[in-house]
Every structure is written in C-alpha cells, then in structure tokens.
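Text of upload13.cif (mmCIF, C-alpha atoms and all ligand atoms) as supplied:
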```
data_structure
#
loop_
_atom_site.label_atom_id
_atom_site.label_comp_id
_atom_site.auth_asym_id
_atom_site.auth_seq_id
_atom_site.Cartn_x
_atom_site.Cartn_y
_atom_site.Cartn_z
CA MET A 1 76.48 92.11 140.02
CA ALA A 2 79.07 94.32 138.24
CA THR A 3 78.09 97.98 137.90
CA SER A 4 77.12 98.99 134.35
CA PRO A 5 79.79 101.17 132.81
CA ASP A 6 79.17 104.80 131.83
CA VAL A 7 81.88 104.83 129.17
CA ILE A 8 83.60 102.21 127.02
CA VAL A 9 87.21 103.06 126.17
CA LEU A 10 88.80 101.57 123.08
CA PHE A 11 91.91 100.19 124.74
CA SER A 12 95.00 98.98 122.89
CA GLY A 13 97.12 98.62 126.00
CA GLY A 14 99.26 101.58 124.87
CA LEU A 15 99.87 104.77 126.84
CA ASP A 16 97.31 106.95 125.03
CA SER A 17 94.31 104.72 125.62
CA LEU A 18 95.46 104.16 129.20
CA LEU A 19 95.52 107.92 129.81
CA ALA A 20 92.14 108.36 128.13
CA ALA A 21 90.67 105.79 130.52
CA LYS A 22 92.32 107.40 133.56
CA LEU A 23 91.11 110.90 132.63
CA LEU A 24 87.55 109.61 132.58
CA GLN A 25 87.94 107.52 135.73
CA ARG A 26 89.21 110.60 137.58
CA GLN A 27 85.87 112.26 136.85
CA GLY A 28 84.11 109.53 138.79
CA LEU A 29 82.80 107.79 135.69
CA VAL A 30 82.55 104.02 135.63
CA VAL A 31 84.93 103.08 132.83
CA ARG A 32 85.23 99.75 131.09
CA CYS A 33 87.98 99.20 128.56
CA TRP A 34 87.31 97.27 125.37
CA HIS A 35 90.31 95.41 124.00
CA ALA A 36 90.28 93.87 120.52
CA VAL A 37 92.18 90.69 119.70
CA SER A 38 93.13 89.30 116.30
CA PRO A 39 96.18 87.47 114.88
CA PHE A 40 97.72 90.93 114.32
CA PHE A 41 97.20 92.71 117.62
CA GLY A 42 95.87 92.22 121.10
CA LYS A 43 97.30 91.02 124.41
CA PRO A 44 94.47 89.23 126.17
CA ASP A 45 96.87 87.69 128.67
CA ARG A 46 97.60 91.20 130.04
CA ARG A 47 94.07 91.59 131.40
CA ASP A 48 95.02 90.81 135.00
CA PHE A 49 98.09 93.01 134.74
CA TRP A 50 96.00 95.96 133.56
CA ARG A 51 93.55 95.47 136.41
CA GLU A 52 96.22 95.11 139.07
CA THR A 53 98.61 97.79 137.78
CA TYR A 54 96.24 100.45 136.46
CA GLY A 55 92.93 99.57 138.10
CA LEU A 56 91.25 99.04 134.73
CA ASP A 57 88.37 96.69 134.03
CA VAL A 58 89.12 95.29 130.55
CA TYR A 59 86.72 93.36 128.34
CA VAL A 60 88.42 91.35 125.57
CA GLU A 61 86.72 90.70 122.24
CA ASP A 62 88.03 88.59 119.36
CA VAL A 63 87.52 90.54 116.13
CA GLY A 64 89.81 88.34 114.04
CA ARG A 65 87.27 86.86 111.65
CA ASP A 66 85.74 90.12 110.42
CA PHE A 67 89.12 91.80 110.42
CA VAL A 68 90.66 89.12 108.21
CA ALA A 69 87.68 89.38 105.83
CA MET A 70 88.24 93.15 105.56
CA LEU A 71 91.96 92.67 104.92
CA LEU A 72 91.37 90.13 102.18
CA GLN A 73 88.76 92.23 100.40
CA GLY A 74 91.17 95.16 100.39
CA PRO A 75 90.51 97.93 102.92
CA PRO A 76 88.48 100.70 101.21
CA HIS A 77 90.78 103.42 102.62
CA GLY A 78 93.93 101.58 101.57
CA TYR A 79 97.01 100.39 103.35
CA GLY A 80 99.68 102.33 105.22
CA LYS A 81 103.40 101.85 104.66
CA VAL A 82 103.40 98.14 105.37
CA LEU A 83 100.25 95.99 105.53
CA ASN A 84 98.41 98.15 108.03
CA PRO A 85 94.92 99.30 107.03
CA CYS A 86 94.79 101.87 109.85
CA VAL A 87 91.75 103.90 108.79
CA ASP A 88 89.59 100.86 108.15
CA CYS A 89 90.96 99.18 111.24
CA LYS A 90 89.83 102.11 113.39
CA ILE A 91 86.43 102.16 111.71
CA HIS A 92 86.08 98.45 112.28
CA LEU A 93 87.12 98.58 115.93
CA LEU A 94 85.00 101.61 116.78
CA ARG A 95 81.99 100.01 115.14
CA ARG A 96 82.48 96.83 117.19
CA ALA A 97 83.13 98.79 120.39
CA GLY A 98 79.98 100.82 119.70
CA ILE A 99 77.95 97.63 119.47
CA TYR A 100 79.44 96.47 122.76
CA MET A 101 78.74 99.87 124.34
CA LYS A 102 75.05 99.57 123.49
CA SER A 103 74.88 95.96 124.65
CA VAL A 104 76.02 96.90 128.16
CA GLY A 105 74.00 100.11 128.40
CA ALA A 106 76.94 102.54 128.44
CA ARG A 107 76.36 106.08 127.14
CA ALA A 108 79.67 107.03 125.56
CA LEU A 109 82.68 105.68 123.73
CA ALA A 110 86.19 107.04 124.17
CA SER A 111 89.55 106.60 122.48
CA GLY A 112 93.08 107.83 123.08
CA GLU A 113 93.38 109.52 119.68
CA VAL A 114 95.34 112.75 119.35
CA PRO A 115 95.06 114.80 116.13
CA GLY A 116 98.28 114.87 114.14
CA GLN A 117 99.89 112.04 116.03
CA ARG A 118 99.75 109.35 113.35
CA PRO A 119 100.03 110.09 109.65
CA MET A 120 97.27 107.79 108.48
CA SER A 121 94.51 107.47 111.03
CA GLN A 122 94.96 110.47 113.32
CA ARG A 123 94.84 113.34 110.86
CA ARG A 124 91.85 115.53 111.70
CA ASP A 125 90.08 114.75 108.43
CA ALA A 126 90.72 111.01 108.86
CA MET A 127 89.45 111.13 112.44
CA ARG A 128 86.19 112.69 111.20
CA VAL A 129 85.80 110.07 108.45
CA ILE A 130 86.55 107.24 110.87
CA ALA A 131 83.99 108.36 113.44
CA ARG A 132 81.36 108.97 110.74
CA GLU A 133 81.84 105.63 108.99
CA ALA A 134 81.85 103.80 112.30
CA GLY A 135 78.55 105.52 113.16
CA VAL A 136 79.89 106.98 116.42
CA THR A 137 80.48 110.65 115.57
CA ASP A 138 78.45 112.16 118.36
CA ILE A 139 79.19 109.63 121.08
CA LEU A 140 82.96 109.32 120.64
CA VAL A 141 84.92 111.35 123.19
CA ARG A 142 88.67 111.82 122.76
CA PRO A 143 89.79 112.72 126.28
CA LEU A 144 93.40 113.54 125.34
CA SER A 145 92.41 116.15 122.77
CA ALA A 146 88.75 116.97 123.52
CA ALA A 147 89.42 120.65 124.21
CA LEU A 148 90.53 121.05 120.58
CA LEU A 149 87.53 119.23 119.11
CA GLU A 150 83.79 119.88 118.84
CA PRO A 151 81.86 118.92 122.00
CA THR A 152 80.20 115.54 121.65
CA LEU A 153 76.83 114.47 123.04
CA PRO A 154 78.22 112.99 126.30
CA GLU A 155 79.99 116.32 126.88
CA ARG A 156 76.98 118.47 125.95
CA GLU A 157 74.72 116.42 128.19
CA GLY A 158 77.17 116.68 131.08
CA LEU A 159 78.01 112.98 131.41
CA VAL A 160 81.64 113.86 130.67
CA ASP A 161 83.10 117.09 132.06
CA ARG A 162 84.85 118.63 129.09
CA ALA A 163 86.71 121.11 131.30
CA ARG A 164 88.65 118.23 132.86
CA LEU A 165 89.84 116.75 129.56
CA ALA A 166 93.14 117.52 127.82
CA SER A 167 94.17 119.47 124.72
CA MET A 168 96.99 117.47 123.18
CA ALA A 169 97.90 117.54 119.49
CA GLY A 170 100.82 116.50 117.31
CA ARG A 171 103.44 113.82 117.46
CA GLY A 172 105.29 114.85 120.65
CA ARG A 173 104.91 112.67 123.74
CA THR A 174 105.72 115.30 126.39
CA GLY A 175 102.09 115.91 127.30
CA GLN A 176 101.37 112.21 127.67
CA ILE A 177 104.45 111.57 129.80
CA ALA A 178 103.60 114.54 132.05
CA LEU A 179 100.00 113.34 132.44
CA ALA A 180 101.20 109.83 133.26
CA ALA A 181 103.41 111.32 135.98
CA ARG A 182 100.44 113.29 137.36
CA PHE A 183 98.46 110.10 137.60
CA GLY A 184 101.39 108.37 139.32
CA ILE A 185 101.74 105.84 136.51
CA GLU A 186 105.14 104.24 136.91
CA GLU A 187 104.86 101.44 134.37
CA ILE A 188 104.63 103.42 131.14
CA PRO A 189 103.54 101.28 128.19
CA THR A 190 104.65 101.98 124.62
CA PRO A 191 102.60 104.60 122.71
CA GLY A 192 100.54 102.12 120.71
CA GLY A 193 99.49 98.58 121.55
CA GLY A 194 101.93 96.94 119.09
CA CYS A 195 100.57 95.80 115.75
CA ARG A 196 102.20 93.16 113.59
CA LEU A 197 100.75 94.64 110.42
CA THR A 198 103.10 97.61 110.71
CA GLU A 199 106.22 95.45 110.56
CA ARG A 200 107.80 94.49 107.23
CA GLU A 201 108.97 91.14 108.46
CA ASN A 202 105.41 90.21 109.37
CA ALA A 203 104.07 91.51 106.06
CA ARG A 204 106.38 89.01 104.37
CA ARG A 205 104.90 86.24 106.51
CA TYR A 206 101.30 87.23 105.76
CA TRP A 207 101.51 88.08 102.08
CA PRO A 208 101.71 84.49 100.70
CA LEU A 209 98.36 83.84 102.38
CA PHE A 210 96.82 86.59 100.23
CA THR A 211 98.28 85.25 97.02
CA ARG A 212 98.60 81.49 97.48
CA LEU A 213 95.65 80.38 99.63
CA VAL A 214 92.09 80.36 98.32
CA GLU A 215 90.37 81.38 101.54
CA PRO A 216 92.86 82.05 104.33
CA THR A 217 91.33 81.96 107.80
CA THR A 218 92.10 83.58 111.12
CA ALA A 219 93.85 80.35 112.13
CA ASP A 220 96.06 80.61 109.03
CA PHE A 221 97.14 84.15 109.91
CA ALA A 222 97.81 83.04 113.48
CA LEU A 223 99.98 80.23 112.10
CA ALA A 224 101.89 82.71 109.93
CA ASN A 225 103.05 84.36 113.17
CA LEU A 226 104.92 81.23 114.21
CA GLY A 227 108.42 79.98 113.50
CA ARG A 228 110.15 80.11 110.11
CA GLN A 229 107.90 80.24 107.09
CA PHE A 230 108.46 78.31 103.86
CA TRP A 231 106.48 77.97 100.66
CA GLY A 232 106.86 75.57 97.76
CA ASN A 233 105.04 75.04 94.49
CA ASP A 234 105.05 71.99 92.22
CA GLY A 235 103.70 73.86 89.20
CA ALA A 236 100.07 73.40 90.22
CA THR A 237 99.72 73.60 94.00
CA ASP A 238 101.22 75.70 96.79
CA PHE A 239 102.58 74.02 99.91
CA TRP A 240 103.07 75.82 103.22
CA LEU A 241 105.52 74.66 105.90
CA CYS A 242 106.11 76.35 109.27
CA MET A 243 109.27 75.38 111.16
CA GLY A 244 109.82 75.93 114.88
CA ARG A 245 112.92 77.91 115.90
CA ASN A 246 112.86 76.85 119.54
CA SER A 247 110.85 74.76 121.98
CA GLU A 248 108.27 77.52 122.43
CA ASP A 249 107.62 77.62 118.67
CA ASN A 250 107.52 73.83 118.53
CA GLU A 251 104.86 73.70 121.22
CA ALA A 252 102.84 76.50 119.57
CA LEU A 253 102.94 74.60 116.28
CA VAL A 254 101.63 71.46 117.95
CA GLN A 255 98.79 73.55 119.43
CA ALA A 256 98.02 75.10 116.01
CA THR A 257 97.67 71.74 114.25
CA LEU A 258 94.41 71.09 112.39
CA PRO A 259 93.09 67.64 111.40
CA CYS A 260 94.23 68.22 107.80
CA ASP A 261 97.83 69.01 108.83
CA ALA A 262 100.99 66.95 109.24
CA LEU A 263 103.61 67.42 111.95
CA LEU A 264 107.24 66.59 111.23
CA SER A 265 109.98 66.05 113.80
CA LEU A 266 113.29 64.22 114.14
CA ARG A 267 112.93 60.68 115.50
CA ASP A 268 116.31 60.23 117.15
CA THR A 269 117.38 63.66 118.29
CA PRO A 270 115.82 66.90 119.54
CA GLY A 271 115.23 69.42 116.79
CA PRO A 272 112.58 71.52 115.12
CA THR A 273 108.94 70.60 114.79
CA ALA A 274 107.47 71.57 111.41
CA LEU A 275 103.80 71.96 110.59
CA ALA A 276 102.70 71.22 107.04
CA ARG A 277 99.34 72.95 106.56
CA GLY A 278 97.09 70.49 104.72
CA GLY A 279 99.99 68.03 104.90
CA ALA A 280 97.70 65.02 105.35
CA HIS A 281 97.03 65.36 101.61
CA TRP A 282 100.48 66.29 100.32
CA PRO A 283 102.09 64.12 97.62
CA SER A 284 104.86 61.93 99.02
CA SER A 285 107.48 63.71 96.88
CA VAL A 286 106.63 67.06 98.53
CA MET A 287 106.55 65.54 102.02
CA LEU A 288 110.03 64.16 101.35
CA ARG A 289 111.28 67.70 100.60
CA ALA A 290 109.63 68.93 103.80
CA ALA A 291 111.36 66.16 105.78
CA GLU A 292 114.75 67.07 104.22
CA LEU A 293 114.27 70.69 105.22
CA THR A 294 113.20 69.78 108.76
CA ALA A 295 116.32 67.65 109.14
CA ALA A 296 118.46 70.49 107.78
CA TYR A 297 117.33 72.78 110.61
CA CYS A 298 118.58 70.34 113.23
CA SER A 299 122.18 71.18 114.14
CA LYS A 300 122.97 67.52 114.93
CA THR A 301 122.15 66.09 111.51
CA VAL A 302 124.69 67.91 109.31
CA GLY A 303 125.41 65.72 106.27
CA GLU A 304 124.03 62.57 107.89
CA ASP A 305 120.94 60.58 107.08
CA ALA A 306 118.14 61.48 109.44
CA ALA A 307 114.89 59.79 110.42
CA VAL A 308 111.98 62.22 110.27
CA CYS A 309 108.59 61.25 111.77
CA VAL A 310 105.59 62.52 109.87
CA LYS A 311 102.39 62.43 111.92
CA THR A 312 98.97 62.99 110.48
CA ARG A 313 95.69 62.30 112.23
CA GLY A 314 95.73 58.62 112.99
CA ALA A 315 98.89 57.77 111.02
CA GLU A 316 102.62 58.02 111.43
CA GLN A 317 105.46 57.24 109.05
CA VAL A 318 109.22 57.63 109.20
CA LEU A 319 111.15 59.04 106.26
CA MET A 320 114.91 58.54 105.94
CA VAL A 321 116.34 61.68 104.35
CA LYS A 322 119.50 63.68 103.76
CA PRO A 323 119.25 67.16 105.29
CA GLU A 324 118.73 69.61 102.44
CA ARG A 325 117.84 73.30 102.21
CA GLY A 326 116.72 75.48 99.31
CA VAL A 327 115.64 72.63 97.03
CA PHE A 328 111.89 73.08 96.91
CA PHE A 329 110.74 75.27 99.80
CA GLU A 330 111.64 78.96 99.86
CA SER A 331 111.31 81.79 102.36
CA PRO A 332 108.53 84.35 101.76
CA PRO A 333 109.27 87.12 99.24
CA PRO A 334 111.18 90.26 100.27
CA PHE A 335 109.10 93.20 101.44
CA ALA A 336 109.82 95.25 98.28
CA LEU A 337 108.09 92.55 96.25
CA VAL A 338 105.22 92.34 98.72
CA ARG A 339 104.63 96.09 98.31
CA GLU A 340 104.65 95.82 94.51
CA GLU A 341 102.31 92.83 94.49
CA ARG A 342 99.99 94.53 96.97
CA LYS A 343 99.49 97.38 94.50
CA VAL A 344 98.75 94.94 91.70
CA VAL A 345 96.32 92.85 93.76
CA PHE A 346 94.41 95.73 95.36
CA GLY A 347 94.87 98.52 92.81
CA GLN A 348 93.84 101.86 94.35
CA LYS A 349 93.20 100.21 97.68
CA GLY A 350 96.80 98.97 97.77
S1 LIG A 401 98.56 100.05 113.62
FE1 LIG A 401 97.40 98.13 113.42
S2 LIG A 401 96.02 98.13 115.18
FE2 LIG A 401 96.73 100.24 114.93
S3 LIG A 401 95.21 101.21 113.64
FE3 LIG A 401 96.82 100.46 112.28
S4 LIG A 401 96.13 98.42 111.63
FE4 LIG A 401 94.92 98.99 113.46
#
```
Let me see the file written as structure tokens.
Amino acid sequence: MATSPDVIVLFSGGLDSLLAAKLLQRQGLVVRCWHAVSPFFGKPDRRDFWRETYGLDVYVEDVGRDFVAMLLQGPPHGYGKVLNPCVDCKIHLLRRAGIYMKSVGARALASGEVPGQRPMSQRRDAMRVIAREAGVTDILVRPLSAALLEPTLPEREGLVDRARLASMAGRGRTGQIALAARFGIEEIPTPGGGCRLTERENARRYWPLFTRLVEPTTADFALANLGRQFWGNDGATDFWLCMGRNSEDNEALVQATLPCDALLSLRDTPGPTALARGGAHWPSSVMLRAAELTAAYCSKTVGEDAAVCVKTRGAEQVLMVKPERGVFFESPPPFALVREERKVVFGQKG
C-alpha cells in the first residue's frame, strides 16, 4: 500500500512548484504533488515524466467543471490582462487541493508562490486573501519564500523545518535557477505551468462561448482549443464550426464529436475535417455554407466543385459545393473587442 503523504504540493509542472516539492522532499517528508487539469491548463500526460525525471508522485484531478462555472459567473476578484482570473483560480485550486489533502490524511499544503513574482496573484496582500478565502491560511506552506512569511502550523508544530526553507521574493529567477542547480535538476521547466487563459489568441477562441452559447460546458471549452474557429449567425441563432488545420486536429475533432454534432470532410481528396457543434440540427442552408468553407480550406479544390460528406449520428449526405470563404462564417472577434465586451458583460468583475 502507498505511504500516506505528509504534504500535498500544488503542482503546475513549472519550476517553482517543482522546487517547492524538492525542498520538502529533502527534509525527508513524504510529498505528493496535486496537479489540476481543465481545458485551460494541465498536462496529465506528463505524470510519468515527472516521476521518472524528478522523482515526484503526482496525483491528477480534473477541476474543469467547477472552474468553467466560476469563469462564466465572473470571477469575484476579476480578470487579469487577458482572460485569466488568477486570484480566483488560486483560491479554487487551493480549496480543491485542501479537500484532497484531508482525504488522504496529509497534514500540510504547499505551493511554489513567491511574493512579488506575479502582479495579480502573488502580491503579498493577494496571497493573504487567497489563502484566507481558500480556507488554508494556517496549513499552507510556501517553501520558496517561507523565511519571509509568518510561520504556519506545520512549521510551528515541527512537521516542516522552517530553517531549511528559502527566502525568495520578487520577479527575478536567479534564486530559482541556483536552487535547481543545487538539486541537480537538469531539465528546467518554464516558470509557470502554461495557461491558455493568459494568451490573447486563446481568449479570442473562448470569448464567443461566453456570449453566444447559453450554457457552455467543459467539453465546449476543450473544443475551442482545437483547429480554426468560425462563428455564423442567421439573425436568430449562432452556429459554431471548428476546422482542422492538420491531421492531428482532424483526429482530435473526431474524438471531440458529440451525438448532436456533424462532421464534414471532403469525399474525394484529403483535406480538413470540420466539426459543426449541434450540426445535426442545423438548417440545410447553414450546413451548405459550412460545406463551402470546409472545401475552401482544402488546397486541392481551388475554384472547383467539391463533394463534402456531412456525417451526423446515423446519417450521411454529400453536398456538392463551390469552395467559398467569408460568406457566412467569420473568425472570432479581435482581442481588443473581447476586452471591451468582457467589461460590459462582467462590469466590475471584468
Ligand atoms: S495563469 Fe492560469 S493557471 Fe495560473 S493562476 Fe492564472 S488563471 Fe490560474
């Protein structure tokens, strides 16, 4: 039977949380990392790599559903520069990690936070608010900066030796790089774990789900990560089409298909696969536009009639179309518009 962990480390896969875990491991503590997955962040397929390369035991938890609900309601502490609700994200993750900590009988939580490193979620005041609202104030150890912070319960009780923790602050990375070298870490990951919500291009992909879908789901946000995105409107209804850019996208779109969807592809030549969300119920005039666009993204069909297969659950039809772009479906709005609309939709929270 696996040994119960002493400490659960909130682990993004970035350098800071890796170092936090190693600092605690070096004290002889049994450390288990807790890694959150959602359509916006998380690399569950790295679990074996983390174990083999860094000797870390990583538990993966899917937090997508609650996270999406929080995003759609508007995060109480607002968004960062793009679509990243960092303060509420940290609260959310720490709360979930705290629940996991209790469920496995561990006695402390830890994170790789460093005061002053990130403008939104790692200011000292924000760090206090985050820990308080997550209900983990006295059990959350920050090994990279503990010497600069108040001692927490695990330190006061002697579970964690405070004298062997670090005193980092600010945005520089010198301390982290030096510590990584001391630990003999050769594969240095990026500072954070990589989060799609911080990238403008992804905000453009996600925003139409906020404004055009009634109740977007985790699966919808996962679909927004794939291929080229297009939206159309016939004056009453919005229509969402995702177009593969390569064979990897095409395969991912096939995997993402729901019973209500339609899949479009060229009958006589290789080309893109397109997923029409809810396409099983689209009017034929809209499906024709989708078929024209799908044909237009095949390099071999320039100007020629093309046969496009439209598959829905249990039915298949072929549409003969002329390749055509920009007639009905459009790309998502530019980021400047997303930012303006975000303020309108969420008010203060935006
Ligand atoms: S960057 Fe993304 S994952 Fe990191 S705290 Fe912000 S919202 Fe959360």
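Residues of protein, DNA and RNA with at least one atom no farther than 12 Å from (78.8, 96.5, 120.0) are, using only C-alpha atoms, A:Ile8, A:Leu10, A:Trp34, A:Ala36, A:Tyr59, A:Glu61, A:Val63, A:His92, A:Leu93, A:Leu94, A:Arg95, A:Arg96, A:Ala97, A:Gly98, A:Ile99, A:Tyr100, A:Met101, A:Lys102, A:Ser103, A:Val104, A:Gly105, A:Ala106, A:Ala108, A:Leu109, A:Ala134, A:Gly135, A:Val136.
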Of the listed residues A:Ala126, A:Ala307, A:Leu56, A:Leu19, that which approaches ligand LIG 401 (chain A) most closely, counting all atoms listed in the file: A:Ala126
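Taking all atoms listed in the file into account, every polymer residue with at least one atom at most 7 Å away from ligand LIG 401 (chain A) is listed here: A:Phe41, A:Asn84, A:Pro85, A:Cys86, A:Val87, A:Cys89, A:Lys90, A:Ser121, A:Cys195, A:Arg196, A:Leu197, A:Thr198.
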Polymer residues at most 10 Å from range 69-79 of chain A, all atoms listed in the file, same-chain spacing of 3 or more positions, as an NGL selection string: :A and (64-66 or 82-89 or 92 or 120 or 126 or 197-198 or 209-211 or 215-218 or 342-343 or 345-350)
Could the residues in this selection be saved with C-alpha atoms as a PDB file, in the coordinates of the input?
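File written: selection-v5.pdb
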```
ATOM      1  CA  GLY A  64      89.810  88.340 114.040  1.00  0.00           C
ATOM      2  CA  ARG A  65      87.270  86.860 111.650  1.00  0.00           C
ATOM      3  CA  ASP A  66      85.740  90.120 110.420  1.00  0.00           C
ATOM      4  CA  VAL A  82     103.400  98.140 105.370  1.00  0.00           C
ATOM      5  CA  LEU A  83     100.250  95.990 105.530  1.00  0.00           C
ATOM      6  CA  ASN A  84      98.410  98.150 108.030  1.00  0.00           C
ATOM      7  CA  PRO A  85      94.920  99.300 107.030  1.00  0.00           C
ATOM      8  CA  CYS A  86      94.790 101.870 109.850  1.00  0.00           C
ATOM      9  CA  VAL A  87      91.750 103.900 108.790  1.00  0.00           C
ATOM     10  CA  ASP A  88      89.590 100.860 108.150  1.00  0.00           C
ATOM     11  CA  CYS A  89      90.960  99.180 111.240  1.00  0.00           C
ATOM     12  CA  HIS A  92      86.080  98.450 112.280  1.00  0.00           C
ATOM     13  CA  MET A 120      97.270 107.790 108.480  1.00  0.00           C
ATOM     14  CA  ALA A 126      90.720 111.010 108.860  1.00  0.00           C
ATOM     15  CA  LEU A 197     100.750  94.640 110.420  1.00  0.00           C
ATOM     16  CA  THR A 198     103.100  97.610 110.710  1.00  0.00           C
ATOM     17  CA  LEU A 209      98.360  83.840 102.380  1.00  0.00           C
ATOM     18  CA  PHE A 210      96.820  86.590 100.230  1.00  0.00           C
ATOM     19  CA  THR A 211      98.280  85.250  97.020  1.00  0.00           C
ATOM     20  CA  GLU A 215      90.370  81.380 101.540  1.00  0.00           C
ATOM     21  CA  PRO A 216      92.860  82.050 104.330  1.00  0.00           C
ATOM     22  CA  THR A 217      91.330  81.960 107.800  1.00  0.00           C
ATOM     23  CA  THR A 218      92.100  83.580 111.120  1.00  0.00           C
ATOM     24  CA  ARG A 342      99.990  94.530  96.970  1.00  0.00           C
ATOM     25  CA  LYS A 343      99.490  97.380  94.500  1.00  0.00           C
ATOM     26  CA  VAL A 345      96.320  92.850  93.760  1.00  0.00           C
ATOM     27  CA  PHE A 346      94.410  95.730  95.360  1.00  0.00           C
ATOM     28  CA  GLY A 347      94.870  98.520  92.810  1.00  0.00           C
ATOM     29  CA  GLN A 348      93.840 101.860  94.350  1.00  0.00           C
ATOM     30  CA  LYS A 349      93.200 100.210  97.680  1.00  0.00           C
ATOM     31  CA  GLY A 350      96.800  98.970  97.770  1.00  0.00           C
TER      32      GLY A 350
END
```
Distance in Å - CA of Phe183 in chain A versus CA of Met127 in chain A: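 Here the two named atoms are 26.7 Å from each other.
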Best match for closeness to Met320 in chain A among A:Arg47, A:Glu340, A:Val60, A:Arg289, counting all atoms listed in the file: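 With all atoms listed in the file as the atom set, the closest residue is A:Arg289.
Neighbours of Glu304 in chain A closer than or equal to 12 Å, with all atoms listed in the file counted and sequence neighbours fewer than 5 positions away skipped, come out as Glu292, Ala295, Ala296, Cys298, Ser299, Met320, Val321, Lys322, Pro323 and Glu324 of chain A.
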What would the file be for range 68-131 of chain A if you keep C-alpha atoms and write it as a PDB file, in the first residue's frame?
```
ATOM      1  CA  VAL A  68     -15.778  26.753 -16.023  1.00  0.00           C
ATOM      2  CA  ALA A  69     -18.731  27.598 -13.739  1.00  0.00           C
ATOM      3  CA  MET A  70     -16.576  30.159 -11.911  1.00  0.00           C
ATOM      4  CA  LEU A  71     -15.390  31.681 -15.199  1.00  0.00           C
ATOM      5  CA  LEU A  72     -18.912  32.032 -16.538  1.00  0.00           C
ATOM      6  CA  GLN A  73     -20.273  33.626 -13.377  1.00  0.00           C
ATOM      7  CA  GLY A  74     -17.467  36.169 -13.488  1.00  0.00           C
ATOM      8  CA  PRO A  75     -14.594  35.665 -11.040  1.00  0.00           C
ATOM      9  CA  PRO A  76     -15.245  37.797  -7.913  1.00  0.00           C
ATOM     10  CA  HIS A  77     -11.660  39.142  -7.936  1.00  0.00           C
ATOM     11  CA  GLY A  78     -11.776  39.978 -11.633  1.00  0.00           C
ATOM     12  CA  TYR A  79      -9.683  39.081 -14.620  1.00  0.00           C
ATOM     13  CA  GLY A  80      -6.031  39.767 -15.361  1.00  0.00           C
ATOM     14  CA  LYS A  81      -4.789  41.230 -18.631  1.00  0.00           C
ATOM     15  CA  VAL A  82      -6.342  38.573 -20.822  1.00  0.00           C
ATOM     16  CA  LEU A  83      -8.995  36.096 -19.643  1.00  0.00           C
ATOM     17  CA  ASN A  84      -7.065  34.840 -16.631  1.00  0.00           C
ATOM     18  CA  PRO A  85      -8.869  35.002 -13.286  1.00  0.00           C
ATOM     19  CA  CYS A  86      -5.644  34.347 -11.346  1.00  0.00           C
ATOM     20  CA  VAL A  87      -6.775  35.223  -7.819  1.00  0.00           C
ATOM     21  CA  ASP A  88      -9.955  33.173  -8.031  1.00  0.00           C
ATOM     22  CA  CYS A  89      -8.113  30.418  -9.836  1.00  0.00           C
ATOM     23  CA  LYS A  90      -5.640  30.113  -6.960  1.00  0.00           C
ATOM     24  CA  ILE A  91      -8.456  30.175  -4.415  1.00  0.00           C
ATOM     25  CA  HIS A  92     -10.271  27.500  -6.342  1.00  0.00           C
ATOM     26  CA  LEU A  93      -7.228  25.253  -6.731  1.00  0.00           C
ATOM     27  CA  LEU A  94      -6.075  25.613  -3.135  1.00  0.00           C
ATOM     28  CA  ARG A  95      -9.565  24.826  -1.901  1.00  0.00           C
ATOM     29  CA  ARG A  96      -9.677  21.667  -4.024  1.00  0.00           C
ATOM     30  CA  ALA A  97      -6.146  20.670  -3.043  1.00  0.00           C
ATOM     31  CA  GLY A  98      -7.083  21.217   0.613  1.00  0.00           C
ATOM     32  CA  ILE A  99     -10.002  18.831   0.245  1.00  0.00           C
ATOM     33  CA  TYR A 100      -7.681  16.279  -1.322  1.00  0.00           C
ATOM     34  CA  MET A 101      -5.121  16.818   1.456  1.00  0.00           C
ATOM     35  CA  LYS A 102      -7.712  15.962   4.090  1.00  0.00           C
ATOM     36  CA  SER A 103      -8.991  12.964   2.139  1.00  0.00           C
ATOM     37  CA  VAL A 104      -5.546  11.330   2.149  1.00  0.00           C
ATOM     38  CA  GLY A 105      -4.656  12.280   5.724  1.00  0.00           C
ATOM     39  CA  ALA A 106      -1.820  14.693   4.892  1.00  0.00           C
ATOM     40  CA  ARG A 107      -1.059  17.480   7.380  1.00  0.00           C
ATOM     41  CA  ALA A 108       0.077  20.374   5.198  1.00  0.00           C
ATOM     42  CA  LEU A 109      -0.375  22.011   1.834  1.00  0.00           C
ATOM     43  CA  ALA A 110       2.434  23.720  -0.053  1.00  0.00           C
ATOM     44  CA  SER A 111       2.756  25.904  -3.128  1.00  0.00           C
ATOM     45  CA  GLY A 112       5.608  27.430  -5.104  1.00  0.00           C
ATOM     46  CA  GLU A 113       4.402  31.012  -4.635  1.00  0.00           C
ATOM     47  CA  VAL A 114       6.931  33.807  -4.246  1.00  0.00           C
ATOM     48  CA  PRO A 115       5.759  37.256  -3.083  1.00  0.00           C
ATOM     49  CA  GLY A 116       6.085  39.909  -5.765  1.00  0.00           C
ATOM     50  CA  GLN A 117       6.612  37.466  -8.580  1.00  0.00           C
ATOM     51  CA  ARG A 118       3.279  37.834 -10.359  1.00  0.00           C
ATOM     52  CA  PRO A 119       1.346  41.095 -10.484  1.00  0.00           C
ATOM     53  CA  MET A 120      -2.080  39.654  -9.820  1.00  0.00           C
ATOM     54  CA  SER A 121      -1.939  36.607  -7.600  1.00  0.00           C
ATOM     55  CA  GLN A 122       1.459  36.801  -5.912  1.00  0.00           C
ATOM     56  CA  ARG A 123       1.323  40.225  -4.298  1.00  0.00           C
ATOM     57  CA  ARG A 124       1.567  39.802  -0.536  1.00  0.00           C
ATOM     58  CA  ASP A 125      -1.937  41.134   0.070  1.00  0.00           C
ATOM     59  CA  ALA A 126      -3.367  38.896  -2.671  1.00  0.00           C
ATOM     60  CA  MET A 127      -1.545  35.872  -1.249  1.00  0.00           C
ATOM     61  CA  ARG A 128      -3.163  36.517   2.138  1.00  0.00           C
ATOM     62  CA  VAL A 129      -6.628  36.901   0.590  1.00  0.00           C
ATOM     63  CA  ILE A 130      -6.179  33.758  -1.496  1.00  0.00           C
ATOM     64  CA  ALA A 131      -5.145  31.598   1.453  1.00  0.00           C
TER      65      ALA A 131
END
```
